[in-house]
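To keep things clear, I will list the structure first and then write my remarks on it.
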Amino acid sequence: MSNDYKRLTRSNSNKVLCGVCGGVGEYLGLDPTVVRLLFILFSFMAGGGILAYLIMAIVMPDE
C-alpha cells in the first residue's frame, strides 16, 4: 500500500527561518519567495501573517 498523497511539511532545502514558507511553496507548487512575500504582505495588512507563521512553525512536521 503506497501513500500517494502530498504532505505539508517544513522544508529543509528552502529554509530561511523555520522552513515554513519553503514547505508551503513546495506543497502548492509555488516559488518560496512568493510565499514569503505573501506572508510579509499579510503581516503588514492585518498582522495575521506573523501569527499564522508561528502556528505553522510549531504544528508542521519536518521533512
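Chain labels A, B, ... are given in the sequence in which chains occur in the C-alpha cells; within each chain residues are numbered consecutively from 1, and ligands are likewise numbered from 1 in the order shown.
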
Using only C-alpha atoms, which residues sit within 8 Å of A:Gly19 once same-chain residues fewer than 5 positions away are excluded, as a compact mmCIF listing (two decimals) with N, CA, C and O atoms, in the first residue's frame?
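selection.txt written:
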# COMPACT_ATOMS: atom_id res chain seq x y z
N ARG A 10 7.63 21.14 6.75
CA ARG A 10 8.61 22.22 6.65
C ARG A 10 9.74 21.77 5.75
O ARG A 10 10.12 20.62 5.73
N SER A 11 10.28 22.70 5.00
CA SER A 11 11.33 22.39 4.03
C SER A 11 12.70 22.50 4.68
O SER A 11 12.95 23.37 5.50
N ASN A 12 13.59 21.60 4.29
CA ASN A 12 14.98 21.71 4.70
C ASN A 12 15.82 22.33 3.60
O ASN A 12 16.86 22.90 3.87
N ASN A 14 14.71 24.75 1.30
CA ASN A 14 14.37 26.17 1.12
C ASN A 14 14.15 26.84 2.47
O ASN A 14 13.21 27.58 2.66
N ALA A 57 4.92 27.04 12.21
CA ALA A 57 6.26 26.59 12.60
C ALA A 57 6.19 25.57 13.74
O ALA A 57 7.01 24.66 13.82

* Name all residues at most 12 Å from A:Thr33 (count only C-alpha atoms; drop same-chain ones fewer than 2 positions away) and give them as a ChimeraX atom specification. => /A:14-16,19-26,29-31,35-40

* **helix (DSSP H, G or I) call set, DSSP backbone run, chain A, as a PyMOL selection string** => chain A and resi 20-28+32-45+48-59

Emit the selected residues as a tab-separated table (two decimals), in the first residue's frame, including N, CA, C and O atoms.
chain	number	residue	atom	x	y	z
A	20	VAL	N	8.97	27.12	6.93
A	20	VAL	CA	7.52	27.11	6.72
A	20	VAL	C	7.17	27.57	5.32
A	20	VAL	O	6.42	26.90	4.61
A	21	CYS	N	7.69	28.70	4.90
A	21	CYS	CA	7.37	29.23	3.56
A	21	CYS	C	7.88	28.31	2.46
A	21	CYS	O	7.21	28.13	1.45
A	22	GLY	N	9.04	27.72	2.65
A	22	GLY	CA	9.56	26.77	1.68
A	22	GLY	C	8.67	25.54	1.57
A	22	GLY	O	8.41	25.04	0.48
A	23	GLY	N	8.18	25.05	2.71
A	23	GLY	CA	7.29	23.89	2.71
A	23	GLY	C	5.96	24.19	2.06
A	23	GLY	O	5.43	23.38	1.30
A	24	VAL	N	5.40	25.36	2.35
A	24	VAL	CA	4.13	25.76	1.73
A	24	VAL	C	4.32	25.94	0.23
A	24	VAL	O	3.47	25.52	-0.57
A	25	GLY	N	5.43	26.54	-0.17
A	25	GLY	CA	5.72	26.72	-1.58
A	25	GLY	C	5.86	25.40	-2.33
A	25	GLY	O	5.34	25.24	-3.42
A	26	GLU	N	6.56	24.44	-1.71
A	26	GLU	CA	6.71	23.13	-2.33
A	26	GLU	C	5.37	22.41	-2.43
A	26	GLU	O	5.07	21.76	-3.42
A	27	TYR	N	4.54	22.54	-1.40
A	27	TYR	CA	3.23	21.89	-1.38
A	27	TYR	C	2.31	22.45	-2.46
A	27	TYR	O	1.60	21.71	-3.13
A	28	LEU	N	2.31	23.77	-2.61
A	28	LEU	CA	1.43	24.42	-3.58
A	28	LEU	C	2.04	24.54	-4.97
A	28	LEU	O	1.36	24.97	-5.91
A	32	PRO	N	9.08	29.64	-3.26
A	32	PRO	CA	9.03	30.01	-1.85
A	32	PRO	C	9.16	31.52	-1.61
A	32	PRO	O	8.64	32.05	-0.63
A	33	THR	N	9.82	32.23	-2.54
A	33	THR	CA	9.93	33.68	-2.41
A	33	THR	C	8.56	34.34	-2.51
A	33	THR	O	8.28	35.30	-1.78
A	34	VAL	N	7.70	33.84	-3.37
A	34	VAL	CA	6.33	34.37	-3.50
A	34	VAL	C	5.57	34.14	-2.19
A	34	VAL	O	4.88	35.04	-1.71
A	35	VAL	N	5.73	32.97	-1.60
A	35	VAL	CA	5.04	32.67	-0.34
A	35	VAL	C	5.57	33.58	0.77
A	35	VAL	O	4.80	34.10	1.58
A	36	ARG	N	6.87	33.82	0.80
A	36	ARG	CA	7.45	34.72	1.81
A	36	ARG	C	6.90	36.13	1.65
A	36	ARG	O	6.56	36.79	2.63
A	37	LEU	N	6.80	36.59	0.40
A	37	LEU	CA	6.25	37.94	0.16
A	37	LEU	C	4.78	38.02	0.58
A	37	LEU	O	4.35	39.05	1.13
A	38	LEU	N	4.02	36.95	0.37
A	38	LEU	CA	2.63	36.94	0.80
A	38	LEU	C	2.51	36.99	2.33
A	38	LEU	O	1.66	37.70	2.87
A	39	PHE	N	3.38	36.25	3.03
A	39	PHE	CA	3.38	36.32	4.49
A	39	PHE	C	3.72	37.72	4.97
A	39	PHE	O	3.11	38.23	5.91
A	40	ILE	N	4.69	38.38	4.33
A	40	ILE	CA	5.05	39.76	4.71
A	40	ILE	C	3.88	40.70	4.44
A	40	ILE	O	3.55	41.56	5.27
A	41	LEU	N	3.22	40.54	3.30
A	41	LEU	CA	2.07	41.38	2.95
A	41	LEU	C	0.95	41.22	3.98
A	41	LEU	O	0.39	42.21	4.46
A	42	PHE	N	0.63	39.97	4.33
A	42	PHE	CA	-0.42	39.73	5.32
A	42	PHE	C	-0.03	40.25	6.70
A	42	PHE	O	-0.88	40.67	7.48
A	43	SER	N	1.26	40.25	7.01
A	43	SER	CA	1.72	40.77	8.30
A	43	SER	C	1.50	42.27	8.38
A	43	SER	O	1.11	42.79	9.43
A	44	PHE	N	1.77	42.99	7.29
A	44	PHE	CA	1.59	44.43	7.30
A	44	PHE	C	0.12	44.82	7.22
A	44	PHE	O	-0.29	45.84	7.78
A	45	MET	N	-0.70	44.04	6.54
A	45	MET	CA	-2.10	44.38	6.37
A	45	MET	C	-2.91	44.17	7.65
A	45	MET	O	-3.66	45.04	8.06
A	48	GLY	N	-1.89	39.18	10.78
A	48	GLY	CA	-2.17	37.75	10.87
A	48	GLY	C	-1.08	36.88	10.30
A	48	GLY	O	-0.99	35.69	10.64
A	49	GLY	N	-0.22	37.43	9.47
A	49	GLY	CA	0.85	36.64	8.86
A	49	GLY	C	1.85	36.15	9.89
A	49	GLY	O	2.32	35.02	9.82
A	50	ILE	N	2.18	36.98	10.86
A	50	ILE	CA	3.14	36.59	11.89
A	50	ILE	C	2.56	35.48	12.76
A	50	ILE	O	3.23	34.49	13.04
A	51	LEU	N	1.32	35.63	13.15
A	51	LEU	CA	0.67	34.62	13.98
A	51	LEU	C	0.53	33.31	13.22
A	51	LEU	O	0.81	32.23	13.76
A	52	ALA	N	0.13	33.38	11.95
A	52	ALA	CA	0.00	32.17	11.13
A	52	ALA	C	1.35	31.48	10.97
A	52	ALA	O	1.44	30.26	11.06
A	53	TYR	N	2.41	32.25	10.75
A	53	TYR	CA	3.74	31.67	10.59
A	53	TYR	C	4.17	30.96	11.87
A	53	TYR	O	4.70	29.84	11.82
A	54	LEU	N	3.97	31.59	13.01
A	54	LEU	CA	4.36	30.97	14.28
A	54	LEU	C	3.60	29.68	14.55
A	54	LEU	O	4.18	28.68	14.99
A	55	ILE	N	2.30	29.69	14.29
A	55	ILE	CA	1.50	28.49	14.49
A	55	ILE	C	1.96	27.38	13.56
A	55	ILE	O	2.12	26.22	13.97
A	56	MET	N	2.22	27.73	12.29
A	56	MET	CA	2.65	26.71	11.33
A	56	MET	C	4.04	26.18	11.67
A	56	MET	O	4.34	25.01	11.48
A	57	ALA	N	4.92	27.04	12.21
A	57	ALA	CA	6.26	26.59	12.60
A	57	ALA	C	6.19	25.57	13.74
A	57	ALA	O	7.01	24.66	13.82
A	58	ILE	N	5.20	25.71	14.60
A	58	ILE	CA	5.05	24.79	15.72
A	58	ILE	C	4.35	23.50	15.28
A	58	ILE	O	4.75	22.40	15.68
A	59	VAL	N	3.33	23.62	14.42
A	59	VAL	CA	2.48	22.48	14.08
A	59	VAL	C	3.04	21.63	12.95
A	59	VAL	O	2.92	20.40	12.98
